[in-house]
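> Contents are compact mmCIF, C-alpha atoms; file name input_28.txt:
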```
# COMPACT_ATOMS: atom_id res chain seq x y z
CA MET M 1 72.65 -17.32 100.23
CA PHE M 2 76.35 -16.84 100.68
CA PHE M 3 76.26 -14.19 103.34
CA LYS M 4 74.94 -15.91 106.41
CA GLY M 5 75.16 -13.03 108.88
CA ILE M 6 77.11 -12.79 112.08
CA LYS M 7 76.91 -16.20 113.71
CA ASN M 8 76.79 -16.46 117.48
CA LEU M 9 78.90 -13.43 118.26
CA MET M 10 78.92 -13.20 122.03
CA VAL M 11 77.10 -10.29 123.64
CA VAL M 12 80.04 -9.69 125.89
CA PHE M 13 82.34 -9.19 122.91
CA LEU M 14 80.04 -6.46 121.60
CA PHE M 15 80.06 -4.85 125.01
CA VAL M 16 83.86 -4.80 125.05
CA PHE M 17 83.74 -2.92 121.77
CA LEU M 18 81.21 -0.44 123.15
CA LEU M 19 83.23 0.32 126.25
CA CYS M 20 86.67 0.28 124.69
CA HIS M 21 86.19 1.52 121.17
CA GLN M 22 82.66 2.87 120.63
CA THR M 23 82.60 1.62 117.06
CA CYS M 24 80.22 -0.31 114.88
CA LEU M 25 80.74 -3.63 113.13
CA THR M 26 79.55 -2.44 109.80
CA VAL M 27 79.26 1.32 109.91
CA ILE M 28 81.66 3.61 111.75
CA CYS M 29 79.80 5.97 114.01
CA GLU M 30 82.34 8.25 115.55
CA GLU M 31 85.30 8.98 113.29
CA ASN M 32 86.98 12.30 112.75
CA SER M 33 88.63 12.57 109.37
CA ALA M 34 90.58 15.34 107.76
CA GLN M 35 89.92 13.72 104.37
CA VAL M 36 86.58 14.41 102.75
CA TYR M 37 85.33 11.83 100.27
CA PRO M 38 82.78 12.40 97.51
CA HIS M 39 79.18 12.07 98.67
CA LEU M 40 76.72 9.51 97.32
CA ILE M 41 73.69 10.79 95.39
CA PHE M 42 70.75 9.22 93.58
CA GLN M 43 69.28 10.76 90.43
CA ASN M 44 67.18 9.42 87.54
CA GLY M 45 67.38 5.92 88.96
CA TYR M 46 71.16 5.75 89.24
CA TYR M 47 73.88 6.50 91.76
CA GLY M 48 76.83 8.85 91.45
CA TYR M 49 78.87 11.24 93.58
CA VAL M 50 79.20 14.96 94.30
CA ASN M 51 82.07 16.91 95.88
CA ASP M 52 81.87 19.00 99.03
CA SER M 53 80.54 21.92 97.02
CA GLY M 54 77.63 19.84 95.77
CA LYS M 55 78.99 19.56 92.22
CA ILE M 56 78.60 16.22 90.45
CA ILE M 57 82.10 14.83 89.89
CA VAL M 58 81.26 11.18 89.20
CA PRO M 59 78.12 10.96 87.01
CA CYS M 60 75.16 8.87 88.12
CA GLN M 61 75.58 5.54 86.31
CA TRP M 62 75.28 2.65 88.79
CA GLU M 63 72.24 0.71 89.91
CA ASP M 64 73.58 0.64 93.46
CA ALA M 65 76.63 2.11 95.16
CA GLY M 66 78.29 2.55 98.54
CA GLU M 67 80.22 5.25 100.36
CA PHE M 68 83.93 5.83 99.78
CA ARG M 69 86.25 4.43 102.43
CA GLY M 70 89.91 3.93 103.20
CA ARG M 71 92.13 5.49 100.55
CA GLY M 72 89.12 6.21 98.39
CA TYR M 73 87.37 2.99 97.33
CA ALA M 74 83.66 2.29 96.93
CA SER M 75 81.70 -0.74 95.80
CA VAL M 76 79.15 -0.36 92.99
CA MET M 77 76.54 -2.50 91.24
CA ILE M 78 77.05 -2.19 87.49
CA ASP M 79 74.20 -4.40 86.28
CA ARG M 80 71.62 -5.94 88.57
CA GLN M 81 70.41 -8.46 85.99
CA THR M 82 73.85 -9.92 85.26
CA GLN M 83 75.04 -9.36 88.85
CA GLU M 84 78.07 -7.43 87.70
CA TYR M 85 79.79 -5.48 90.46
CA GLY M 86 82.87 -3.35 90.77
CA ILE M 87 85.21 -1.44 93.04
CA ILE M 88 85.90 2.13 91.95
CA ASP M 89 88.46 4.72 93.02
CA ILE M 90 87.71 8.27 94.08
CA ASN M 91 87.63 9.43 90.44
CA GLY M 92 85.05 6.83 89.45
CA ASN M 93 87.55 4.60 87.64
CA TYR M 94 87.19 0.84 88.01
CA VAL M 95 89.79 -0.88 90.15
CA MET M 96 88.11 -4.22 89.48
CA ARG M 97 84.92 -5.63 87.90
CA PHE M 98 83.43 -9.06 88.40
CA ILE M 99 80.29 -11.14 88.03
CA GLY M 100 79.22 -12.05 91.54
CA GLY M 101 76.62 -14.03 93.42
CA ILE M 102 76.13 -11.35 96.07
CA GLU M 103 72.67 -10.97 97.50
CA GLU M 104 70.55 -8.65 95.40
CA GLY M 105 70.54 -5.08 96.65
CA GLN M 106 73.93 -5.40 98.33
CA ASN M 107 77.24 -4.46 96.75
CA GLY M 108 79.46 -6.53 98.93
CA VAL M 109 79.48 -7.03 102.68
CA TYR M 110 81.63 -4.29 104.19
CA CYS M 111 83.33 -4.82 107.53
CA GLY M 112 85.14 -1.95 109.22
CA GLY M 113 85.04 1.82 109.41
CA MET M 114 85.57 4.82 107.22
CA HIS M 115 89.35 4.46 107.13
CA THR M 116 90.05 0.74 107.60
CA GLY M 117 88.15 -2.36 106.64
CA ILE M 118 87.44 -4.89 103.89
CA TYR M 119 84.76 -5.79 101.36
CA TRP M 120 83.81 -9.46 101.17
CA LEU M 121 83.25 -10.35 97.50
CA GLN M 122 82.14 -13.54 95.74
CA ASN M 123 81.99 -15.00 92.25
CA GLU M 124 81.65 -18.50 90.85
CA GLU M 125 85.27 -19.28 91.76
CA GLY M 126 84.96 -18.53 95.47
CA VAL M 127 85.20 -15.75 98.05
CA GLY M 128 87.72 -12.95 98.37
CA PHE M 129 88.30 -9.69 100.21
CA PHE M 130 89.33 -6.21 99.13
CA ASP M 131 91.24 -4.07 101.66
CA VAL M 132 90.27 -0.38 101.47
CA THR M 133 93.47 0.81 103.14
CA THR M 134 95.97 -0.77 100.77
CA GLY M 135 93.82 -1.65 97.76
CA TYR M 136 94.91 -5.28 98.07
CA PHE M 137 92.56 -7.91 96.59
CA SER M 138 93.03 -11.50 97.73
CA GLY M 139 91.52 -13.09 94.64
CA PHE M 140 88.49 -15.38 94.85
CA ILE M 141 90.51 -18.11 96.54
CA PHE M 142 88.51 -18.89 99.67
CA HIS M 143 85.66 -21.35 100.07
CA ARG M 144 82.17 -20.15 99.13
CA ASN M 145 80.62 -21.66 102.28
CA GLN M 146 83.09 -20.30 104.80
CA ASP M 147 81.80 -18.31 107.77
CA ILE M 148 82.32 -14.61 107.20
CA TRP M 149 84.64 -12.83 109.64
CA TYR M 150 83.05 -9.53 110.59
CA CYS M 151 85.53 -8.44 113.26
CA CYS M 152 87.90 -6.12 111.40
CA GLU M 153 88.25 -3.22 113.84
CA GLU M 154 90.95 -4.58 116.15
CA SER M 155 93.31 -6.35 113.76
CA ASP M 156 94.47 -6.65 110.15
CA LEU M 157 94.03 -10.42 110.43
CA VAL M 158 90.93 -12.08 109.03
CA ARG M 159 89.72 -15.66 109.51
CA VAL M 160 89.40 -17.56 106.22
CA SER M 161 89.08 -21.10 104.89
CA ILE M 162 90.30 -22.73 101.69
CA ASP M 163 88.33 -25.98 102.04
CA GLY M 164 85.35 -24.76 104.11
CA THR M 165 86.39 -26.86 107.12
CA TYR M 166 89.73 -25.64 108.43
CA TYR M 167 90.32 -21.95 109.10
CA GLY M 168 93.46 -19.85 109.33
CA TYR M 169 94.26 -16.16 109.58
CA VAL M 170 95.64 -14.00 106.77
CA ASP M 171 96.77 -10.37 106.73
CA THR M 172 94.21 -8.30 104.84
CA THR M 173 96.82 -5.73 103.78
CA ASN M 174 98.94 -8.21 101.79
CA GLY M 175 97.24 -11.63 101.88
CA GLU M 176 100.03 -13.38 103.74
CA LEU M 177 99.03 -16.38 105.86
CA GLN M 178 99.92 -15.51 109.46
CA ILE M 179 98.34 -18.43 111.34
CA PRO M 180 97.91 -21.86 109.67
CA TYR M 181 94.63 -23.51 108.68
CA VAL M 182 94.13 -25.56 111.84
CA PHE M 183 90.92 -24.19 113.35
CA THR M 184 87.46 -25.68 113.07
CA GLY M 185 83.95 -24.77 114.11
CA GLU M 186 82.54 -21.30 114.56
CA CYS M 187 84.69 -18.52 115.95
CA PHE M 188 82.78 -16.24 118.33
CA SER M 189 85.31 -13.53 119.05
CA GLY M 190 87.40 -11.06 117.13
CA PHE M 191 90.75 -9.87 118.38
CA VAL M 192 90.58 -8.01 121.69
CA GLY M 193 93.81 -6.36 122.80
CA GLY M 194 95.71 -8.47 120.27
CA TYR M 195 94.21 -11.83 121.35
CA THR M 196 91.33 -14.00 120.19
CA ILE M 197 89.69 -17.36 121.02
CA ASP M 198 89.26 -20.12 118.44
CA GLN M 199 88.65 -23.86 118.36
CA ARG M 200 91.33 -26.39 117.43
CA ASP M 201 90.85 -30.16 117.75
CA ASP M 202 87.71 -29.72 119.89
CA THR M 203 89.62 -27.43 122.25
CA TYR M 204 89.19 -23.68 122.62
CA ILE M 205 92.49 -21.81 122.82
CA VAL M 206 93.59 -18.20 123.30
CA PHE M 207 96.34 -16.88 121.03
CA ASN M 208 97.77 -13.60 119.77
CA GLU M 209 98.24 -12.22 116.26
CA LYS M 210 101.56 -14.03 115.95
CA GLY M 211 99.88 -17.35 116.74
CA ASP M 212 101.46 -17.62 120.20
CA ILE M 213 99.14 -19.67 122.42
CA VAL M 214 98.33 -18.68 126.00
CA PRO M 215 99.19 -21.83 128.04
CA LEU M 216 96.02 -22.17 130.10
CA PRO M 217 95.70 -25.19 132.40
CA ASP M 218 93.96 -28.13 130.70
CA GLU M 219 91.01 -28.00 133.07
CA LEU M 220 90.12 -24.41 132.08
CA VAL M 221 88.08 -23.37 129.03
CA PRO M 222 88.40 -19.73 127.81
CA VAL M 223 85.06 -17.98 127.55
CA SER M 224 85.70 -14.28 126.83
CA LEU M 225 88.48 -11.71 126.72
CA GLY M 226 88.91 -8.45 128.60
CA ASP M 227 91.51 -7.22 131.10
CA LEU M 228 91.74 -10.89 132.02
CA ILE M 229 90.63 -14.10 130.33
CA THR M 230 87.30 -15.37 131.61
CA VAL M 231 87.65 -19.13 132.15
CA ARG M 232 85.29 -21.97 133.08
CA ASP M 233 86.32 -25.10 134.96
CA LYS M 234 85.43 -28.19 132.90
CA GLU M 235 84.46 -30.28 135.92
CA SER M 236 82.64 -27.85 138.20
CA GLY M 237 81.32 -25.46 135.54
CA LEU M 238 82.31 -22.52 137.76
CA PHE M 239 83.93 -19.36 136.43
CA GLY M 240 87.15 -17.53 137.25
CA PHE M 241 89.88 -15.49 135.55
CA ALA M 242 93.37 -16.05 134.13
CA ASP M 243 96.00 -13.61 132.86
CA TYR M 244 97.53 -13.63 129.40
CA ASN M 245 100.53 -15.61 130.62
CA GLY M 246 98.18 -18.49 131.42
CA ASN M 247 98.21 -18.02 135.19
CA CYS M 248 94.91 -18.58 136.98
CA ILE M 249 94.56 -15.30 138.92
CA ILE M 250 91.09 -15.87 140.36
CA SER M 251 90.20 -19.54 140.75
CA PRO M 252 86.86 -20.77 139.34
CA GLN M 253 84.36 -20.28 142.16
CA TYR M 254 81.49 -18.25 140.73
CA GLU M 255 78.21 -19.37 139.17
CA ASP M 256 78.63 -16.74 136.47
CA VAL M 257 80.75 -13.64 135.82
CA SER M 258 80.91 -10.67 133.49
CA THR M 259 83.94 -9.95 131.33
CA HIS M 260 86.71 -8.30 133.37
CA LEU M 261 86.82 -4.67 132.16
CA ASN M 262 88.51 -1.56 133.51
CA GLY M 263 89.74 -3.42 136.59
CA TYR M 264 86.47 -5.00 137.74
CA ALA M 265 84.07 -7.84 137.01
CA SER M 266 80.66 -8.70 138.42
CA PHE M 267 79.95 -12.21 139.73
CA LEU M 268 76.86 -14.25 140.50
CA GLN M 269 76.41 -15.93 143.88
CA ASP M 270 73.15 -17.38 145.22
CA GLY M 271 71.14 -15.55 142.58
CA LYS M 272 72.60 -12.09 143.27
CA TRP M 273 75.42 -10.09 141.69
CA GLY M 274 78.36 -8.30 143.26
CA HIS M 275 81.76 -7.28 141.90
CA ILE M 276 85.45 -8.01 142.43
CA ASP M 277 88.68 -6.29 141.50
CA ARG M 278 91.57 -7.66 139.45
CA MET M 279 92.94 -9.66 142.39
CA GLY M 280 89.59 -11.21 143.27
CA ASN M 281 88.89 -9.00 146.29
CA ILE M 282 85.16 -8.52 146.84
CA CYS M 283 84.47 -4.79 146.50
CA CYS M 284 80.71 -5.08 146.74
CA SER M 285 78.92 -8.12 148.14
CA PRO M 286 76.25 -9.84 146.00
CA LYS M 287 72.92 -8.05 146.25
CA TYR M 288 72.09 -6.75 142.78
CA ASP M 289 69.58 -8.22 140.34
CA ASN M 290 71.59 -8.48 137.13
CA GLU M 291 75.05 -8.76 135.62
CA TYR M 292 76.80 -5.39 135.22
CA TRP M 293 80.05 -3.81 134.00
CA PHE M 294 82.37 -1.02 135.11
CA ASN M 295 82.59 1.92 132.70
CA GLY M 296 85.67 3.47 134.32
CA ILE M 297 83.78 5.58 136.87
CA SER M 298 80.54 3.82 137.82
CA PHE M 299 78.33 0.76 137.49
CA ALA M 300 74.73 0.80 136.28
CA VAL M 301 72.91 -1.76 138.46
CA SER M 302 69.48 -2.82 139.63
CA LEU M 303 68.68 -3.38 143.33
CA GLU M 304 65.32 -5.07 143.90
CA GLN M 305 64.19 -3.74 140.50
CA GLN M 306 65.29 -0.17 141.27
CA PRO M 307 67.99 1.17 138.90
CA LEU M 308 71.02 2.72 140.58
CA LEU M 309 74.34 4.21 139.59
CA ILE M 310 77.07 3.12 142.05
CA ASP M 311 80.81 3.61 142.41
CA GLU M 312 83.54 0.97 142.85
CA ASP M 313 82.78 0.58 146.56
CA GLY M 314 79.05 0.21 146.05
CA HIS M 315 78.15 3.73 147.18
CA THR M 316 75.07 5.09 145.43
CA LEU M 317 75.75 7.97 143.05
CA ARG M 318 72.15 8.34 141.88
CA GLU M 319 68.80 6.58 142.24
CA PHE M 320 66.21 6.28 139.49
CA ASP M 321 62.51 5.60 139.27
CA CYS M 322 61.76 1.87 139.38
CA HIS M 323 60.23 2.14 135.90
CA SER M 324 63.47 3.44 134.44
CA GLU M 325 65.99 1.40 132.49
CA LEU M 326 69.70 2.25 132.26
CA SER M 327 71.77 1.28 129.21
CA TYR M 328 75.17 2.32 127.94
CA PHE M 329 74.81 4.86 125.14
CA THR M 330 78.57 5.33 124.82
CA ASN M 331 81.40 4.72 127.29
CA GLU M 332 80.89 8.29 128.50
CA LEU M 333 77.09 8.49 128.44
CA ILE M 334 74.24 6.41 129.87
CA LEU M 335 70.75 6.36 128.39
CA VAL M 336 67.83 6.50 130.82
CA THR M 337 64.52 5.22 129.44
CA ASN M 338 61.17 5.29 131.23
CA ASP M 339 57.48 5.84 130.58
CA GLU M 340 58.04 9.56 130.06
CA GLY M 341 60.71 9.18 127.40
CA THR M 342 64.51 9.21 127.30
CA SER M 343 67.31 11.25 128.82
CA LEU M 344 71.11 11.13 128.94
CA ILE M 345 73.43 11.25 131.94
CA ASN M 346 77.19 11.04 132.30
CA ARG M 347 79.01 8.37 134.27
CA LEU M 348 78.66 10.35 137.50
CA GLY M 349 74.89 10.58 137.05
CA THR M 350 74.79 14.25 136.00
CA ASP M 351 72.10 15.14 133.46
CA ILE M 352 73.31 15.85 129.94
CA ILE M 353 69.89 15.85 128.27
CA GLU M 354 67.28 16.26 131.00
CA PRO M 355 63.97 14.37 130.87
CA GLU M 356 62.12 17.68 131.14
CA ARG M 357 63.26 18.54 127.62
CA LYS M 358 61.03 15.77 126.28
CA LEU M 359 63.49 14.65 123.62
CA PHE M 360 63.52 11.10 122.33
CA ILE M 361 67.11 9.94 121.89
CA ASP M 362 67.71 7.46 119.08
CA SER M 363 69.54 4.37 120.29
CA GLU M 364 68.36 1.63 117.95
CA ARG M 365 70.91 1.76 115.12
CA GLY M 366 73.59 -0.43 116.70
CA CYS M 367 75.68 2.71 117.17
CA ASN M 368 74.69 5.94 118.80
CA VAL M 369 77.16 8.75 118.10
CA TYR M 370 77.93 9.84 114.58
CA GLU M 371 80.68 12.43 114.10
CA GLN M 372 80.10 13.68 117.66
CA LEU M 373 76.37 14.17 117.13
CA ILE M 374 73.29 12.43 118.55
CA ILE M 375 69.97 12.06 116.72
CA VAL M 376 66.98 13.35 118.73
CA LYS M 377 63.22 13.67 118.20
CA ASP M 378 60.74 16.13 119.75
CA GLN M 379 57.13 15.64 120.79
CA GLN M 380 55.93 16.66 117.32
CA GLU M 381 57.74 13.59 115.89
CA CYS M 382 60.30 15.75 114.11
CA TRP M 383 64.02 14.99 114.11
CA GLY M 384 67.20 16.97 114.74
CA TYR M 385 70.71 16.66 116.19
CA ALA M 386 72.34 17.34 119.56
CA ASP M 387 76.01 17.42 120.53
CA LEU M 388 77.61 15.37 123.31
CA SER M 389 77.05 18.20 125.80
CA GLY M 390 73.31 17.98 125.22
CA ASN M 391 72.99 21.14 123.13
CA VAL M 392 70.51 20.87 120.26
CA VAL M 393 72.65 22.07 117.37
CA CYS M 394 70.01 21.39 114.71
CA PRO M 395 66.37 22.05 115.66
CA CYS M 396 63.91 19.19 115.28
CA ILE M 397 62.46 20.21 111.93
CA TRP M 398 62.99 17.15 109.73
CA ASP M 399 60.56 14.35 108.89
CA SER M 400 63.40 11.80 108.53
CA VAL M 401 67.12 11.95 109.13
CA SER M 402 70.26 9.87 108.69
CA PRO M 403 73.42 9.77 110.78
CA PHE M 404 76.23 12.11 109.78
CA PHE M 405 78.78 10.36 107.60
CA ASN M 406 81.72 11.95 105.83
CA GLY M 407 80.63 15.38 107.10
CA TRP M 408 77.10 15.32 105.69
CA ALA M 409 73.71 13.93 106.70
CA LEU M 410 70.73 13.13 104.49
CA VAL M 411 67.44 14.64 105.71
CA GLU M 412 63.89 14.84 104.43
CA SER M 413 61.13 17.40 104.85
CA GLU M 414 57.76 17.55 103.10
CA LYS M 415 58.84 14.84 100.65
CA LYS M 416 61.97 16.77 99.67
CA ALA M 417 65.44 15.45 100.41
CA PHE M 418 68.63 17.35 101.19
CA TYR M 419 72.17 16.92 102.40
CA ILE M 420 73.14 19.15 105.34
CA ASP M 421 76.62 19.79 106.73
CA HIS M 422 77.82 20.23 110.31
CA SER M 423 76.76 23.88 110.28
CA MET M 424 73.30 22.50 109.53
CA HIS M 425 73.18 24.30 106.19
CA ILE M 426 71.65 22.67 103.13
CA VAL M 427 74.52 21.83 100.77
CA PHE M 428 72.71 19.69 98.19
CA THR M 429 69.09 19.32 97.10
CA PHE M 430 67.90 16.10 95.51
CA GLU M 431 65.75 16.28 92.41
CA GLU M 432 63.66 13.30 93.48
CA CYS M 433 62.74 11.95 96.87
CA ASP M 434 60.63 8.82 96.43
CA THR M 435 62.01 6.51 99.16
CA LEU M 436 65.33 8.27 98.65
CA LEU M 437 66.41 8.01 102.26
CA HIS M 438 66.27 4.23 102.10
CA ARG M 439 68.06 4.06 98.76
CA VAL M 440 71.12 6.12 99.58
CA LEU M 441 72.04 4.58 102.93
CA PRO M 442 71.39 1.17 104.54
CA SER M 443 68.00 0.74 106.15
CA HIS M 444 69.39 0.46 109.69
CA CYS M 445 70.56 4.08 109.41
CA TRP M 446 67.03 5.45 109.09
CA ILE M 447 64.11 6.33 111.28
```
Just give me the structure of the file as structure tokens.


Amino acid sequence: MFFKGIKNLMVVFLFVFLLCHQTCLTVICEENSAQVYPHLIFQNGYYGYVNDSGKIIVPCQWEDAGEFRGRGYASVMIDRQTQEYGIIDINGNYVMRFIGGIEEGQNGVYCGGMHTGIYWLQNEEGVGFFDVTTGYFSGFIFHRNQDIWYCCEESDLVRVSIDGTYYGYVDTTNGELQIPYVFTGECFSGFVGGYTIDQRDDTYIVFNEKGDIVPLPDELVPVSLGDLITVRDKESGLFGFADYNGNCIISPQYEDVSTHLNGYASFLQDGKWGHIDRMGNICCSPKYDNEYWFNGISFAVSLEQQPLLIDEDGHTLREFDCHSELSYFTNELILVTNDEGTSLINRLGTDIIEPERKLFIDSERGCNVYEQLIIVKDQQECWGYADLSGNVVCPCIWDSVSPFFNGWALVESEKKAFYIDHSMHIVFTFEECDTLLHRVLPSHCWI
């Protein structure tokens, strides 16, 4: 298969995106758009689109189809047997058609959000990308076996290969080569704050979107990017931090460290974790069980298996039952999970959705907030929506639900499917419902 999946993306890179951007790699979760695109529907075995009034404006004619994005582009499957695909505009007109070798059931691999991003496309000639912001298509000029670059949220540059061995970076909006084909191996990081890490001649280097290299000392290997560059000493294997001018700010002295975010990083010493500031001053001595990160106000930590929320100086903001688990839901909210269920707190530890309300909070989709709404479930196994203040704005009355996208959400009740809007009114009723929820949107969007 051509599409190999995301290969060895570092966990810390995903965490940077959660804290800094709260976006998804493939599906945008929290975007506010003044533009309303047509909505995807499924009728009589084919896909088409309706407007915001629920009127069909692009007749159902495709065997598979995706949502509109960018300036109004969507990918469609024209014929499953011949593997003919296309990109259409907002009126349903073809921008391009091609015979592709894309995995069955997928109409291109989309990377980005509602407004910016690219489709990766393939035919017998090679691989290409289509930019949804500008409508630029690169042509099928890249190698069929190249690793696919999924990190399109931070930069217009994408990593590509002509020969399948050496990689360079081109601008997705116009196809211009910005950084030459000199990189080899697998790249594990997208651009963070305008910089990325890649491998050249068996050496990992940090560089910006212009190709300017950060002149790190030869003995230091870049590991991850945040406020500072996490570096590892080649000889000792210890970790420290450098700035983006190449200066070693905090010398390698730690067994392990977290990415430096929001002015702090945690470090491992003698099996315990503490944290330091940007200058390397120890703000909290090592005593915690696991690696942790600063969210701008507090740290979620574990002390002898008891979860705590602490401030920069290590003062306890809130204690939790030892059976509880804390995880970042968004940069502003923390999910608390225990034997009794789930609850949400803010960064100061104040309850947003109290455990007494007995609501299960969905956090398994790779992204948690969709158009400012959270998916929740009650004790009767029915689903609804809550806002970021914890108010249930749609009662838990649905058998299945999807995230809100483009102003609407697809819901199901008693084997009938509907679209609802943000006022939680039904705006479109589907004529058929057999596995409809899984046909209209990707499977990871459903519960």

> Atom CA of Tyr181 of chain M and atom CA of His143 of chain M, how far apart in Å?

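For atom CA of His143 of chain M relative to atom CA of Tyr181 of chain M, the distance reads 12.6 Å.
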
> Which is closest to Gly113 of chain M among M:Thr230, M:Thr133, M:Ser400, M:Gln306, if we use all atoms listed in the file?

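Smallest distance to Gly113 of chain M is found for M:Thr133.
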
> Compile the contact shell of Tyr37 of chain M as an MDAnalysis selection string: residues with an atom at most 10 Å away, counting only C-alpha atoms, same-chain residues fewer than 4 positions apart removed.

chainID M and resid 33 49:52 67:73 90 114 405:407

> Provide the atom CA of Glu154 of chain M to atom CA of Pro217 of chain M distance in Å, to one decimal place.

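Answer for the atom CA of Glu154 of chain M to atom CA of Pro217 of chain M separation: 26.7 Å.
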
> Hey, which of M:Val223, M:Leu309, M:Cys283, M:Ile374 ends up closest to Thr350 of chain M? Count all atoms listed in the file.

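Of M:Val223, M:Leu309, M:Cys283, M:Ile374, the one nearest Thr350 of chain M, counting all atoms listed in the file, is M:Leu309.
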
> Between atom CA of Trp62 of chain M and atom CA of Ser75 of chain M, what is the distance, to one decimal in Å?

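Interatomic distance, atom CA of Trp62 of chain M to atom CA of Ser75 of chain M: 10.1 Å.
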
> Of the residues M:Gln61, M:Thr342, M:Thr337, M:Ser389, which is the one nearest to Met77 of chain M, using all atoms listed in the file?

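Of all the options, M:Gln61 lies closest to Met77 of chain M.
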
> Considering all atoms listed in the file, return as a VMD selection string whatever protein or nucleic-acid residues lie within 6 Å of segment 249-261 of chain M, sequence-local ones (same chain, fewer than 4 positions apart) excluded.

chain M and resid 226 to 228 238 to 242 265 to 268 280

> Keeping C-alpha atoms for every residue in the selection just given, could you write it to a file as a PDB file, in the coordinates of the input?


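The resulting part.pdb:
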```
ATOM      1  CA  GLY M 226      88.910  -8.450 128.600  1.00  0.00           C
ATOM      2  CA  ASP M 227      91.510  -7.220 131.100  1.00  0.00           C
ATOM      3  CA  LEU M 228      91.740 -10.890 132.020  1.00  0.00           C
ATOM      4  CA  LEU M 238      82.310 -22.520 137.760  1.00  0.00           C
ATOM      5  CA  PHE M 239      83.930 -19.360 136.430  1.00  0.00           C
ATOM      6  CA  GLY M 240      87.150 -17.530 137.250  1.00  0.00           C
ATOM      7  CA  PHE M 241      89.880 -15.490 135.550  1.00  0.00           C
ATOM      8  CA  ALA M 242      93.370 -16.050 134.130  1.00  0.00           C
ATOM      9  CA  ALA M 265      84.070  -7.840 137.010  1.00  0.00           C
ATOM     10  CA  SER M 266      80.660  -8.700 138.420  1.00  0.00           C
ATOM     11  CA  PHE M 267      79.950 -12.210 139.730  1.00  0.00           C
ATOM     12  CA  LEU M 268      76.860 -14.250 140.500  1.00  0.00           C
ATOM     13  CA  GLY M 280      89.590 -11.210 143.270  1.00  0.00           C
TER      14      GLY M 280
END
```

> Each residue of segment 219-332 of chain M with at least one atom at most 8 Å from segment 187-209 of chain M should appear once, together with its nearest atom pair and the corresponding distance in Å (one decimal); atoms considered: only C-alpha atoms; ordering: chain, then increasing residue number; output as CSV.


```
residue,atom,partner,partner_atom,distance
M:Val221,CA,M:Tyr204,CA,6.5
M:Pro222,CA,M:Tyr204,CA,6.6
M:Ser224,CA,M:Ile197,CA,7.7
M:Leu225,CA,M:Val192,CA,6.6
M:Gly226,CA,M:Val192,CA,7.1
```

> Would you mind telling me which residue in M:Asn93, M:Thr330, M:Asn145, M:Thr173 lies nearest to Ile345 of chain M when using all atoms listed in the file?

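Result for the nearest residue to Ile345 of chain M: M:Thr330.
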
> I'd like the contact shell of Trp273 of chain M - 8 Å cut-off, all atoms listed in the file, skipping same-chain residues fewer than 5 positions apart - returned as a PyMOL selection string.

chain M and resi 266-268+285-291

> Hey, which of M:Gln83, M:Thr165, M:Ser53, M:Ser327 ends up closest to Tyr292 of chain M? Count only C-alpha atoms.

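Closest to Tyr292 of chain M, using only C-alpha atoms: M:Ser327.
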
> Tell me which protein, DNA and RNA residues are within 9 Å of Asn338 of chain M, counting only C-alpha atoms, leaving out same-chain ones fewer than 4 positions away, and put them as a PDB file with C-alpha atoms, keeping the file's coordinate frame.


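Output saved as part-v4.pdb:
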```pdb
ATOM      1  CA  ASP M 321      62.510   5.600 139.270  1.00  0.00           C
ATOM      2  CA  CYS M 322      61.760   1.870 139.380  1.00  0.00           C
ATOM      3  CA  HIS M 323      60.230   2.140 135.900  1.00  0.00           C
ATOM      4  CA  SER M 324      63.470   3.440 134.440  1.00  0.00           C
ATOM      5  CA  GLU M 325      65.990   1.400 132.490  1.00  0.00           C
ATOM      6  CA  THR M 342      64.510   9.210 127.300  1.00  0.00           C
ATOM      7  CA  SER M 343      67.310  11.250 128.820  1.00  0.00           C
TER       8      SER M 343
END
```
